[in-house]
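Novice: The structure file final.cif (mmCIF, C-alpha atoms and all ligand atoms) is provided below.
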```cif
data_my_file
#
loop_
_atom_site.label_atom_id
_atom_site.label_comp_id
_atom_site.auth_asym_id
_atom_site.auth_seq_id
_atom_site.Cartn_x
_atom_site.Cartn_y
_atom_site.Cartn_z
CA MET A 8 -18.05 -4.79 1.58
CA LYS A 9 -17.89 -1.09 2.50
CA ASP A 10 -16.16 1.04 -0.21
CA ARG A 11 -15.16 3.95 1.97
CA ILE A 12 -15.81 5.78 5.24
CA SER A 13 -18.91 7.94 4.86
CA GLY A 14 -19.10 11.61 5.83
CA ASN A 15 -21.65 10.67 8.47
CA GLU A 16 -19.27 8.17 10.07
CA ILE A 17 -16.43 10.70 10.01
CA SER A 18 -18.66 13.23 11.82
CA ILE A 19 -19.55 10.70 14.53
CA VAL A 20 -15.94 9.56 14.98
CA LEU A 21 -14.45 13.06 15.06
CA GLU A 22 -17.11 14.38 17.44
CA ARG A 23 -16.42 11.50 19.84
CA ALA A 24 -12.65 11.81 19.51
CA LEU A 25 -12.87 15.52 20.38
CA LYS A 26 -15.31 14.98 23.23
CA GLU A 27 -13.22 12.18 24.75
CA GLY A 28 -9.98 14.16 24.38
CA ILE A 29 -8.49 11.58 22.00
CA ILE A 30 -7.32 14.57 20.03
CA SER A 31 -6.55 17.70 21.93
CA GLY A 32 -5.06 21.16 21.49
CA SER A 33 -1.57 20.10 20.44
CA ASP A 34 -2.97 17.76 17.78
CA SER A 35 -3.19 20.27 14.98
CA SER A 36 -3.65 17.28 12.69
CA ALA A 37 -4.34 13.55 13.09
CA LEU A 38 -4.92 10.42 11.07
CA PHE A 39 -7.78 8.00 11.78
CA TYR A 40 -7.96 4.35 10.73
CA ASP A 41 -11.16 2.32 10.76
CA ILE A 42 -9.80 -1.00 12.06
CA THR A 43 -13.15 -2.73 11.56
CA PHE A 44 -12.97 -1.81 7.87
CA LEU A 45 -9.47 -3.31 7.62
CA GLN A 46 -10.62 -6.51 9.30
CA GLU A 47 -13.51 -6.80 6.83
CA ARG A 48 -11.19 -6.32 3.82
CA PHE A 49 -8.83 -9.08 4.96
CA ASN A 50 -11.69 -11.43 5.74
CA GLU A 51 -13.26 -10.84 2.31
CA ILE A 52 -9.98 -11.54 0.52
CA LYS A 53 -9.63 -14.83 2.39
CA LYS A 54 -13.07 -15.91 1.17
CA ILE A 55 -12.54 -15.30 -2.55
CA PHE A 56 -9.09 -16.85 -3.06
CA PRO A 57 -8.06 -20.47 -2.41
CA SER A 58 -7.99 -21.28 1.30
CA ASP A 59 -4.24 -22.04 1.30
CA ALA A 60 -3.32 -18.75 -0.45
CA LEU A 61 -0.89 -16.52 1.43
CA HIS A 62 -2.24 -12.99 1.53
CA THR A 63 0.39 -10.45 2.42
CA ALA A 64 -0.05 -6.76 3.08
CA ALA A 65 2.42 -4.43 1.37
CA ILE A 66 4.03 -2.75 4.37
CA LYS A 67 5.11 0.28 2.32
CA ALA A 68 1.45 1.35 2.05
CA SER A 69 0.94 1.74 5.82
CA PRO A 70 3.79 0.59 8.06
CA PHE A 71 2.33 1.30 11.53
CA VAL A 72 3.37 -1.62 13.73
CA ASN A 73 0.09 -1.56 15.62
CA ILE A 74 -1.82 -1.89 12.37
CA LEU A 75 0.55 -4.57 11.12
CA LYS A 76 -0.10 -6.47 14.36
CA THR A 77 -3.80 -6.54 13.47
CA VAL A 78 -2.87 -7.81 10.00
CA ASN A 79 -0.75 -10.56 11.57
CA TYR A 80 -3.55 -11.43 14.00
CA LEU A 81 -5.89 -11.88 11.02
CA GLY A 82 -3.53 -14.51 9.62
CA ALA A 83 -2.07 -12.48 6.77
CA GLY A 84 1.64 -12.09 6.07
CA PHE A 85 3.69 -9.17 4.80
CA GLU A 86 5.33 -7.96 1.62
CA ALA A 87 8.55 -6.23 2.66
CA ALA A 88 10.54 -4.04 0.30
CA SER A 89 13.54 -3.45 2.57
CA LEU A 90 15.33 -4.95 5.56
CA PRO A 91 13.62 -2.54 7.98
CA GLU A 92 10.24 -3.59 6.59
CA ILE A 93 11.19 -7.22 7.27
CA TYR A 94 12.10 -6.16 10.81
CA LEU A 95 8.73 -4.45 11.26
CA ALA A 96 6.99 -7.61 10.05
CA GLU A 97 8.97 -9.73 12.53
CA LYS A 98 7.99 -7.40 15.37
CA THR A 99 4.34 -8.25 14.81
CA GLY A 100 5.13 -11.88 15.61
CA CYS A 101 4.78 -12.90 11.97
CA PRO A 102 6.76 -16.06 11.13
CA GLY A 103 9.47 -15.79 8.46
CA ASN A 104 7.63 -18.01 6.00
CA LYS A 105 4.83 -15.45 5.77
CA ILE A 106 7.21 -12.63 4.87
CA ILE A 107 7.87 -11.90 1.17
CA PHE A 108 11.05 -9.97 0.45
CA ASP A 109 10.79 -7.95 -2.78
CA SER A 110 13.36 -5.33 -3.60
CA PRO A 111 15.66 -4.53 -6.48
CA ALA A 112 18.27 -3.26 -4.01
CA LYS A 113 19.03 -6.21 -1.74
CA THR A 114 22.55 -6.49 -0.32
CA ILE A 115 24.21 -9.83 0.42
CA GLU A 116 23.77 -9.18 4.17
CA GLU A 117 20.07 -8.49 3.66
CA LEU A 118 19.64 -11.63 1.60
CA GLU A 119 21.40 -13.64 4.31
CA TYR A 120 19.13 -12.13 6.95
CA ALA A 121 15.98 -13.01 5.00
CA ILE A 122 17.29 -16.51 4.22
CA ASN A 123 18.06 -17.18 7.90
CA LEU A 124 14.56 -16.02 8.74
CA GLY A 125 13.05 -18.51 6.27
CA ALA A 126 11.35 -15.79 4.22
CA HIS A 127 10.14 -16.10 0.63
CA ILE A 128 12.53 -14.05 -1.47
CA ASN A 129 11.73 -12.82 -4.95
CA ALA A 130 14.95 -12.21 -6.87
CA ASP A 131 14.67 -9.13 -9.04
CA SER A 132 17.17 -10.22 -11.70
CA LEU A 133 19.03 -13.18 -13.14
CA GLU A 134 22.17 -11.74 -11.54
CA GLU A 135 20.53 -11.86 -8.12
CA LEU A 136 19.77 -15.56 -8.65
CA GLN A 137 23.52 -16.17 -8.98
CA ILE A 138 24.15 -14.32 -5.72
CA ILE A 139 21.48 -16.33 -3.92
CA ASP A 140 22.95 -19.52 -5.34
CA SER A 141 26.36 -18.66 -3.96
CA ILE A 142 24.86 -17.91 -0.53
CA ILE A 143 22.84 -21.11 -0.19
CA LYS A 144 25.08 -23.57 -2.05
CA GLY A 145 25.64 -26.68 0.06
CA LYS A 146 23.34 -25.43 2.84
CA THR A 147 19.83 -26.40 3.79
CA THR A 148 17.47 -23.50 4.17
CA GLY A 149 13.89 -22.95 5.22
CA ALA A 150 13.66 -20.00 2.85
CA SER A 151 11.93 -20.24 -0.52
CA PHE A 152 12.69 -18.33 -3.69
CA GLY A 153 10.97 -16.83 -6.70
CA LEU A 154 11.97 -14.73 -9.67
CA ARG A 155 10.25 -11.46 -10.52
CA VAL A 156 9.41 -11.45 -14.22
CA ASN A 157 8.19 -8.32 -15.98
CA PRO A 158 5.24 -9.49 -18.10
CA GLN A 159 5.58 -6.36 -20.28
CA ALA A 160 1.80 -6.13 -20.34
CA GLY A 161 1.80 -2.34 -20.71
CA THR A 162 1.43 0.66 -18.44
CA GLY A 163 -1.62 1.98 -16.66
CA ARG A 164 -2.87 5.57 -16.46
CA ILE A 165 -0.16 6.57 -13.98
CA ILE A 166 3.28 5.98 -15.43
CA ILE A 167 5.31 6.44 -12.24
CA THR A 168 3.59 3.54 -10.50
CA SER A 169 3.36 1.28 -13.58
CA VAL A 170 6.04 -1.39 -13.67
CA ALA A 171 5.02 -3.70 -16.52
CA GLY A 172 5.93 -1.50 -19.47
CA GLU A 173 8.42 -2.54 -22.13
CA TYR A 174 11.15 -1.14 -19.86
CA SER A 175 10.99 -1.28 -16.09
CA LYS A 176 13.70 -1.11 -13.47
CA PHE A 177 11.99 -4.11 -11.83
CA GLY A 178 12.14 -7.76 -12.77
CA VAL A 179 13.39 -9.66 -15.80
CA PRO A 180 11.61 -8.66 -19.03
CA VAL A 181 9.88 -11.72 -20.42
CA LYS A 182 10.16 -10.85 -24.12
CA GLU A 183 13.93 -10.49 -24.33
CA PHE A 184 14.82 -13.05 -21.66
CA ARG A 185 12.28 -15.87 -22.03
CA ASN A 186 14.95 -18.48 -22.77
CA GLU A 187 17.29 -17.28 -20.02
CA ILE A 188 14.42 -17.34 -17.53
CA ILE A 189 13.55 -20.92 -18.49
CA GLU A 190 17.23 -21.92 -18.22
CA ALA A 191 17.41 -20.40 -14.75
CA TYR A 192 14.57 -22.63 -13.55
CA LEU A 193 16.30 -25.66 -15.08
CA LYS A 194 19.61 -24.68 -13.47
CA TYR A 195 18.55 -23.74 -9.93
CA ASP A 196 16.68 -26.58 -8.25
CA TRP A 197 15.82 -24.28 -5.32
CA LEU A 198 13.90 -21.85 -7.57
CA ARG A 199 10.24 -22.78 -7.07
CA GLY A 200 8.37 -19.48 -7.29
CA ILE A 201 7.47 -16.92 -9.91
CA HIS A 202 6.44 -13.33 -9.24
CA LEU A 203 4.97 -10.41 -11.10
CA HIS A 204 3.63 -6.99 -10.27
CA VAL A 205 1.95 -4.82 -12.90
CA GLY A 206 1.40 -1.56 -11.05
CA SER A 207 -0.89 0.19 -8.66
CA GLN A 208 -3.62 2.81 -8.95
CA GLY A 209 -4.64 3.47 -12.56
CA CYS A 210 -4.16 -0.12 -13.72
CA PRO A 211 -7.48 -1.56 -14.95
CA ILE A 212 -8.40 -5.15 -14.09
CA GLU A 213 -7.84 -6.20 -17.75
CA LEU A 214 -4.22 -5.03 -17.54
CA LEU A 215 -3.65 -6.92 -14.27
CA LEU A 216 -5.16 -10.04 -15.87
CA LYS A 217 -2.98 -9.63 -18.97
CA GLY A 218 0.14 -9.51 -16.79
CA VAL A 219 -0.92 -12.56 -14.76
CA GLY A 220 -1.79 -14.42 -18.00
CA THR A 221 1.67 -13.92 -19.48
CA ILE A 222 3.41 -15.21 -16.37
CA TYR A 223 0.91 -18.06 -15.95
CA GLU A 224 1.64 -19.31 -19.49
CA LEU A 225 5.35 -19.03 -18.79
CA ALA A 226 5.01 -20.99 -15.53
CA VAL A 227 3.01 -23.74 -17.25
CA GLU A 228 5.64 -23.95 -20.01
CA ILE A 229 8.49 -24.11 -17.49
CA ASN A 230 6.69 -26.78 -15.47
CA LYS A 231 6.50 -29.01 -18.57
CA LYS A 232 10.27 -28.66 -18.96
CA LEU A 233 10.90 -29.30 -15.27
CA ALA A 234 8.67 -32.39 -15.14
CA PRO A 235 11.42 -34.90 -16.10
CA ALA A 236 13.50 -33.63 -13.17
CA GLY A 237 10.52 -34.13 -10.83
CA ARG A 238 10.37 -30.45 -10.02
CA GLU A 239 7.94 -27.63 -10.68
CA ILE A 240 7.15 -24.02 -9.98
CA ASN A 241 4.61 -24.30 -7.20
CA ILE A 242 4.48 -20.75 -5.82
CA PHE A 243 2.71 -18.12 -7.92
CA ASP A 244 2.97 -14.60 -6.52
CA LEU A 245 0.60 -12.33 -8.41
CA GLY A 246 1.78 -9.17 -6.72
CA GLY A 247 -0.40 -6.33 -5.56
CA GLY A 248 -1.73 -3.31 -7.31
CA PHE A 249 -5.48 -3.55 -6.99
CA PRO A 250 -6.89 -0.03 -7.65
CA VAL A 251 -9.47 1.65 -5.42
CA SER A 252 -11.85 4.58 -5.81
CA TYR A 253 -10.95 7.97 -4.36
CA LYS A 254 -14.15 9.66 -5.60
CA PRO A 255 -17.60 8.96 -4.18
CA ASP A 256 -19.15 9.09 -7.68
CA GLU A 257 -16.58 6.69 -9.13
CA GLU A 258 -17.36 3.02 -8.67
CA ALA A 259 -14.61 1.02 -6.98
CA PRO A 260 -13.17 -1.79 -9.13
CA SER A 261 -14.48 -5.10 -7.85
CA ILE A 262 -12.02 -7.46 -6.19
CA PHE A 263 -14.67 -10.18 -6.55
CA GLU A 264 -14.66 -9.68 -10.33
CA TYR A 265 -10.86 -9.86 -10.35
CA ALA A 266 -10.73 -13.06 -8.30
CA SER A 267 -13.41 -14.76 -10.37
CA ALA A 268 -11.73 -13.74 -13.66
CA LEU A 269 -8.44 -15.16 -12.34
CA LYS A 270 -10.18 -18.41 -11.47
CA ASN A 271 -11.92 -18.71 -14.85
CA LYS A 272 -8.93 -17.80 -16.98
CA PHE A 273 -6.15 -19.45 -15.01
CA PRO A 274 -7.73 -22.40 -13.19
CA LEU A 275 -4.44 -23.94 -12.07
CA LEU A 276 -3.89 -20.92 -9.81
CA PHE A 277 -6.92 -22.07 -7.84
CA SER A 278 -5.78 -25.71 -7.73
CA ASP A 279 -3.17 -27.48 -5.62
CA LYS A 280 -0.65 -27.03 -8.46
CA PHE A 281 0.28 -23.61 -7.16
CA ARG A 282 0.31 -21.86 -3.84
CA LEU A 283 -0.98 -18.36 -4.54
CA ILE A 284 0.52 -15.29 -2.93
CA THR A 285 -1.05 -11.83 -3.07
CA GLU A 286 0.63 -8.56 -2.09
CA PHE A 287 -2.13 -5.96 -1.93
CA GLY A 288 -1.49 -2.69 -0.13
CA ARG A 289 -3.72 0.10 -1.36
CA PHE A 290 -6.75 -2.23 -1.48
CA TYR A 291 -6.58 -2.85 2.27
CA PHE A 292 -5.54 0.55 3.54
CA ALA A 293 -6.43 3.48 1.26
CA ASN A 294 -10.15 3.78 1.97
CA SER A 295 -9.85 2.75 5.63
CA SER A 296 -8.62 6.11 6.79
CA PHE A 297 -9.17 9.85 6.87
CA ALA A 298 -6.98 12.69 8.06
CA VAL A 299 -7.97 15.88 9.86
CA SER A 300 -6.19 19.20 10.08
CA ARG A 301 -7.43 21.97 12.33
CA ILE A 302 -7.82 25.27 10.55
CA ASP A 303 -5.71 27.84 12.37
CA ASN A 304 -4.71 30.15 9.52
CA ILE A 305 -6.98 31.68 6.92
CA LYS A 306 -5.64 34.50 4.75
CA LYS A 307 -7.40 36.75 2.33
CA GLN A 308 -5.73 38.40 -0.66
CA LYS A 309 -7.75 40.23 -3.32
CA ASP A 310 -10.33 37.64 -4.33
CA ILE A 311 -8.42 34.56 -3.16
CA THR A 312 -8.90 33.06 0.29
CA THR A 313 -6.17 30.65 1.34
CA ILE A 314 -6.55 28.07 4.08
CA ILE A 315 -3.22 26.88 5.45
CA SER A 316 -3.44 23.21 6.30
CA HIS A 317 -1.18 21.47 8.85
CA LEU A 318 -0.85 18.60 6.37
CA GLY A 319 0.62 19.35 2.97
CA ALA A 320 3.41 17.98 0.83
CA ASP A 321 4.90 16.30 3.92
CA PHE A 322 1.86 13.99 4.02
CA LEU A 323 0.44 14.14 0.49
CA ILE A 324 3.61 14.18 -1.56
CA ARG A 325 2.07 12.47 -4.57
CA ARG A 326 -0.98 14.71 -4.58
CA VAL A 327 1.05 17.92 -4.35
CA TYR A 328 3.41 16.99 -7.18
CA ASN A 329 0.87 15.21 -9.42
CA PRO A 330 -2.62 16.44 -8.49
CA GLU A 331 -4.15 15.17 -11.75
CA TYR A 332 -3.39 11.57 -10.74
CA TRP A 333 -3.70 11.51 -6.97
CA HIS A 334 -7.10 12.70 -5.86
CA HIS A 335 -8.43 13.07 -2.33
CA GLU A 336 -11.87 14.42 -1.51
CA ILE A 337 -11.72 17.28 0.99
CA SER A 338 -14.50 18.42 3.32
CA VAL A 339 -14.82 20.79 6.26
CA ALA A 340 -16.09 19.97 9.75
CA HIS A 341 -17.26 22.35 12.49
CA ASN A 342 -15.03 22.65 15.54
CA THR A 343 -17.33 20.06 17.14
CA GLY A 344 -16.32 17.50 14.51
CA ALA A 345 -19.57 17.41 12.50
CA ILE A 346 -19.01 17.77 8.74
CA LYS A 347 -20.56 20.97 7.35
CA THR A 348 -23.31 20.22 4.86
CA GLY A 349 -26.05 22.21 3.14
CA MET A 350 -24.19 25.52 3.43
CA PRO A 351 -23.33 27.95 0.61
CA LEU A 352 -19.97 27.19 -0.97
CA SER A 353 -17.01 29.52 -1.50
CA GLU A 354 -13.82 29.08 -3.43
CA TYR A 355 -10.54 28.44 -1.59
CA VAL A 356 -6.92 27.59 -2.12
CA ILE A 357 -5.56 25.08 0.42
CA GLY A 358 -1.86 25.57 1.02
CA GLY A 359 0.29 23.14 2.95
CA PRO A 360 2.63 24.16 5.79
CA LEU A 361 5.99 23.70 4.06
CA CYS A 362 8.41 26.39 2.91
CA PHE A 363 7.95 26.21 -0.82
CA ALA A 364 5.32 27.82 -3.01
CA GLY A 365 4.34 24.55 -4.65
CA ASP A 366 3.06 23.07 -1.39
CA VAL A 367 -0.59 23.46 -2.34
CA ILE A 368 -3.04 20.61 -1.92
CA ALA A 369 -6.06 22.18 -3.66
CA LYS A 370 -6.71 25.15 -5.91
CA ASN A 371 -10.11 26.68 -6.61
CA ILE A 372 -11.85 24.17 -4.36
CA LEU A 373 -15.44 24.85 -3.34
CA LEU A 374 -16.04 24.41 0.38
CA PRO A 375 -18.61 25.57 2.92
CA THR A 376 -17.44 28.80 4.54
CA VAL A 377 -14.54 27.98 6.85
CA GLU A 378 -13.65 29.52 10.17
CA ASN A 379 -10.64 29.18 12.41
CA GLY A 380 -11.12 26.16 14.65
CA ASP A 381 -12.90 24.13 11.94
CA TYR A 382 -11.30 20.94 10.65
CA LEU A 383 -10.28 20.10 7.12
CA ILE A 384 -11.04 16.45 6.40
CA ILE A 385 -8.89 14.70 3.82
CA HIS A 386 -10.54 11.47 2.74
CA ASP A 387 -9.05 8.06 1.84
CA THR A 388 -5.60 8.70 3.28
CA GLY A 389 -4.72 5.21 4.48
CA ALA A 390 -2.11 4.23 1.86
CA TYR A 391 1.04 5.92 0.57
CA THR A 392 0.51 9.11 2.57
CA TYR A 393 2.02 8.91 6.05
CA SER A 394 4.41 6.21 4.79
CA MET A 395 5.85 8.73 2.31
CA TRP A 396 6.24 11.46 4.95
CA SER A 397 8.79 14.16 4.15
CA ARG A 398 11.03 15.52 6.90
CA TYR A 399 11.34 18.92 5.24
CA ASN A 400 10.80 21.70 7.81
CA SER A 401 10.97 19.03 10.54
CA ARG A 402 7.27 19.16 11.29
CA GLN A 403 5.98 16.67 13.83
CA MET A 404 4.31 13.59 12.41
CA PRO A 405 0.74 13.59 13.68
CA LYS A 406 -1.01 11.23 16.04
CA VAL A 407 -2.58 8.15 14.47
CA ILE A 408 -5.79 6.80 15.98
CA GLY A 409 -7.57 3.55 15.28
CA TYR A 410 -11.26 3.07 15.91
CA PHE A 411 -13.68 0.14 15.91
CA ASN A 412 -17.37 -0.16 14.99
CA GLY A 413 -17.94 3.38 13.78
CA GLY A 414 -16.16 5.00 16.71
CA GLU A 415 -17.39 2.87 19.64
CA LYS A 416 -13.81 2.36 20.77
CA PHE A 417 -10.51 4.16 20.08
CA VAL A 418 -6.90 2.98 20.28
CA ILE A 419 -3.77 5.06 19.83
CA ILE A 420 -1.76 3.58 16.97
CA LYS A 421 1.05 6.09 17.20
CA GLU A 422 1.53 9.19 19.33
CA ARG A 423 2.24 12.55 17.76
CA GLU A 424 6.00 13.04 17.46
CA SER A 425 7.57 15.06 20.24
CA LEU A 426 10.23 17.72 19.81
CA ASP A 427 12.75 15.22 21.21
CA ASP A 428 11.75 12.68 18.54
CA ILE A 429 12.69 15.27 15.92
CA LEU A 430 15.94 16.03 17.73
CA LYS A 431 16.76 12.30 17.77
CA PHE A 432 16.01 12.01 14.07
CA TRP A 433 18.40 14.81 13.16
CA SER A 434 21.09 13.97 15.71
C1 LIG B 1 6.22 -5.65 -5.59
C2 LIG B 1 5.04 -4.92 -5.05
N1 LIG B 1 4.06 -5.63 -4.48
C3 LIG B 1 2.98 -5.02 -3.96
C4 LIG B 1 2.83 -3.65 -4.03
C5 LIG B 1 1.60 -3.03 -3.44
O1 LIG B 1 0.85 -2.36 -4.41
P1 LIG B 1 -0.57 -1.79 -4.05
O2 LIG B 1 -0.46 -1.06 -2.79
O3 LIG B 1 -0.95 -0.92 -5.18
O4 LIG B 1 -1.49 -2.97 -3.91
C6 LIG B 1 3.81 -2.88 -4.65
C7 LIG B 1 3.68 -1.41 -4.73
O5 LIG B 1 4.56 -0.68 -5.07
C8 LIG B 1 4.95 -3.53 -5.17
O6 LIG B 1 5.93 -2.84 -5.77
#
```
Could you render the structure as structure tokens?

Specialist:
Amino acid sequence: MKDRISGNEISIVLERALKEGIISGSDSSALFYDITFLQERFNEIKKIFPSDALHTAAIKASPFVNILKTVNYLGAGFEAASLPEIYLAEKTGCPGNKIIFDSPAKTIEELEYAINLGAHINADSLEELQIIDSIIKGKTTGASFGLRVNPQAGTGRIIITSVAGEYSKFGVPVKEFRNEIIEAYLKYDWLRGIHLHVGSQGCPIELLLKGVGTIYELAVEINKKLAPAGREINIFDLGGGFPVSYKPDEEAPSIFEYASALKNKFPLLFSDKFRLITEFGRFYFANSSFAVSRIDNIKKQKDITTIISHLGADFLIRRVYNPEYWHHEISVAHNTGAIKTGMPLSEYVIGGPLCFAGDVIAKNILLPTVENGDYLIIHDTGAYTYSMWSRYNSRQMPKVIGYFNGGEKFVIIKERESLDDILKFWS
């Protein structure tokens, strides 16, 4: 399985895209997705988990409908964290029973919508279970339900995306509420699923396994108690959060290792006792994409040369605010699209386009000498970049282009926003 898009592939793709006019003068920046890479990732996942597992893609990582349509075509479902994300999933043709609704902020109307659709809904609290009970009491429903439990396994390297610490705003903490959780399963005969999510980037495999282990033991214990009633938890949603590598010299964690450790440690998850659900986002999307920004503005002051990029904090919000945690490799390509290699390096600051001094995506970065008309390449931008776009300064969201087989074929995933799109947004 390919770890990332190589510099050589980027050169070929960008050269072709420029030659064929896929990106043109008004595209001061653009985002490329390697659709073949995405297809390979989904196909690999299917091979290493049980064949009846439901693999869902976390929409929040990369919500482009045309990409989600590919995901649906490959047989995967969706993890939706809001009503609009459910709507996006539906628009791909995905059936309701392949949509997982996870959110700590569901309204009654949203719950009703998801229930009518027949989605799988993970309640975020014991209180939400009561609300669901009052909605579905006396009715038959095609929806299924789980409870998100915080395994309190600990936090990873990046606190703001770690959700299995002692305190988290998500889920029901297992240590304080073990008895209440068990009682809820005894009380609600419609509650057949259990859900956890430990975190995202910065969570080592051991931490993910620790979280799964805690919830697995809990599920097995609850199933013993439910046995006399002829019921059981039979849906185990192990969440998402598989980390990837953003640095070429840093080995990517192995999803094969994770799947085989899950199978060895928690064999029932790979048996017909449970239907497994996964909710990966970053794993599918992050390394499948790169972004380009044409260099139009280079400024020199004393001994500092600043490149102004067309993509800054609007696109890379996490990187700009927390550069020590959110790395992206950056390279420079000639105006033809070929990445510059083997040239002497100089030091640059790369500023973003937005009206605040902190919009800087790299300081003291060594790059081959840049010229106006060159392209900055920002690597591994497929997850939690465009989906976290900031509207500050009302800059136009760039064109998004998909390609197949190393650039043999291009498709437009989303056009660059027009001025009227911006007007509509603010009107
Ligand atoms: C409940 C849930 N599932 C899945 C994901 C996807 O995580 P990742 O993209 O790291 O796999 C997230 C991310 O925030 C999440 O909160």

Novice: Report as a list of chain:residue names all protein, DNA and RNA residues lying within 7 Å of range 13-27 of chain A, evaluated on all atoms listed in the file, omitting residues in the same chain fewer than 6 positions from it.

Specialist: A:Thr343, A:Gly344, A:Ala345, A:Ile346, A:Gly413, A:Gly414

Novice: Those same residues - C-alpha atoms - I'd like them written as a PDB file, in the coordinates of the input.

Specialist:
```pdb
ATOM      1  CA  THR A 343     -17.330  20.060  17.140  1.00  0.00           C
ATOM      2  CA  GLY A 344     -16.320  17.500  14.510  1.00  0.00           C
ATOM      3  CA  ALA A 345     -19.570  17.410  12.500  1.00  0.00           C
ATOM      4  CA  ILE A 346     -19.010  17.770   8.740  1.00  0.00           C
ATOM      5  CA  GLY A 413     -17.940   3.380  13.780  1.00  0.00           C
ATOM      6  CA  GLY A 414     -16.160   5.000  16.710  1.00  0.00           C
TER       7      GLY A 414
END
```

Novice: So, with only C-alpha atoms as the atoms that count, which of A:Ala340, A:Leu276, A:Ala293, A:Leu193 lies closest to Arg11 in chain A?

Specialist: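 Closest residue, counting only C-alpha atoms: A:Ala293.
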
Novice: Please measure the separation of CA of Tyr332 in chain A and CA of Ile165 in chain A, giving the value in Å to one decimal.

Specialist: 6.8 Å

Novice: Output as JSON the centre and edge lengths (Å, one decimal) of the box along x, y and z of the file that holds every listed atom of ligand LIG 1 (chain B) after adding 4 Å on each side.

Specialist:
```
{"center_x": 2.4, "center_y": -3.2, "center_z": -4.3, "size_x": 15.7, "size_y": 13.0, "size_z": 11.0}
```

Novice: Can you tell me, as JSON, numbers by chain, which residues sit within 12 Å of (-24.3, 27.4, 2.7) in the file's frame, using only C-alpha atoms?

Specialist: {"A": [347, 348, 349, 350, 351, 352, 353, 373, 374, 375, 376, 377]}

Novice: Would you list the residues near (-0.4, 19.4, -8.6) (no more than 10 Å away, in the coordinates of the file, using only C-alpha atoms) as a list in words?

Specialist: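 Output: Ile324, Arg325, Arg326, Val327, Tyr328, Asn329, Pro330, Glu331, Tyr332, Trp333, His334, Gly365, Asp366, Val367, Ile368, Ala369 and Lys370 of chain A.
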
Novice: Keeping only C-alpha atoms, take the residues you just selected and write them out as a JSON list (two decimals), in the frame of the given file.

Specialist:
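Okay, this is what ended up in selection.json:
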```json
[["chain", "number", "residue", "atom", "x", "y", "z"],
["A", 324, "ILE", "CA", 3.61, 14.18, -1.56],
["A", 325, "ARG", "CA", 2.07, 12.47, -4.57],
["A", 326, "ARG", "CA", -0.98, 14.71, -4.58],
["A", 327, "VAL", "CA", 1.05, 17.92, -4.35],
["A", 328, "TYR", "CA", 3.41, 16.99, -7.18],
["A", 329, "ASN", "CA", 0.87, 15.21, -9.42],
["A", 330, "PRO", "CA", -2.62, 16.44, -8.49],
["A", 331, "GLU", "CA", -4.15, 15.17, -11.75],
["A", 332, "TYR", "CA", -3.39, 11.57, -10.74],
["A", 333, "TRP", "CA", -3.70, 11.51, -6.97],
["A", 334, "HIS", "CA", -7.10, 12.70, -5.86],
["A", 365, "GLY", "CA", 4.34, 24.55, -4.65],
["A", 366, "ASP", "CA", 3.06, 23.07, -1.39],
["A", 367, "VAL", "CA", -0.59, 23.46, -2.34],
["A", 368, "ILE", "CA", -3.04, 20.61, -1.92],
["A", 369, "ALA", "CA", -6.06, 22.18, -3.66],
["A", 370, "LYS", "CA", -6.71, 25.15, -5.91]]
```

Novice: Give me the residues near Ala150 in chain A as a PyMOL selection string, where near means some atom within 12 Å (using only C-alpha atoms) and where sequence neighbours in that chain fewer than 5 positions away do not count.

Specialist: chain A and resi 102-108+118-129+139+142-143+197-200

Novice: Name the residues, by chain letter and number, that sit within 9 Å of ligand LIG 1 (chain B) using all atoms listed in the file, and give them as number ranges by chain.

Specialist: A: 63-68, 86-88, 108-110, 155, 168-170, 177, 202-208, 245-251, 285-293, 390-391

Novice: Which residue gives the smallest distance to Ser296 in chain A among A:Asp41, A:Glu354, A:Asp196, A:Asp34, with all atoms listed in the file counted?

Specialist: A:Asp41

Novice: Quick check, in Å to one decimal: how far apart do CA of Pro360 in chain A and CA of Ile302 in chain A lie?

Specialist: 11.5 Å

Novice: My list of candidates is A:Trp433, A:Arg164, A:Lys98, A:Glu336. Which is closest to Lys254 in chain A when distances are computed with all atoms listed in the file?

Specialist: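 Result for the nearest residue to Lys254 in chain A: A:Glu336.
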
Novice: Would you work out the distance separating CA of Phe85 in chain A from CA of Phe432 in chain A, expressed in Å to one decimal?

Specialist: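 Computing the Euclidean distance for CA of Phe85 in chain A and CA of Phe432 in chain A yields 26.2 Å.
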
Novice: When distances are computed from all atoms listed in the file, which of A:Asn241, A:Thr388, A:Gln137, A:Ser397 shows the smallest separation from Asp279 in chain A?

Specialist: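 Checking each candidate against Asp279 in chain A, we get A:Asn241 as the closest.
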
Novice: Using only C-alpha atoms for the distances, tell me which of A:Gly149, A:Gly32, A:Gly218, A:Gly178 is nearest to Leu136 in chain A.

Specialist: A:Gly178

Novice: So which one's closest to Pro260 in chain A, A:Val356, A:Ala226, A:Met404, A:Cys210? Using only C-alpha atoms, please.

Specialist: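 Answer, going by the shortest atom-to-atom distance: A:Cys210.
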
Novice: Excluding Phe71 in chain A and its own-chain neighbours fewer than 2 positions away, which residues fall within 8 Å of it when counting all atoms listed in the file? Please give them as an NGL selection string.

Specialist: :A and (69 or 73-75 or 420-421)

Novice: Hey, what's within 8 Å of Leu214 in chain A if we count all atoms listed in the file and toss same-chain stuff fewer than 5 positions away? As a list of chain:residue names, please?

Specialist: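 Listing them by chain and then by number gives A:Ala160, A:Gly161, A:Gly163, A:Val205.
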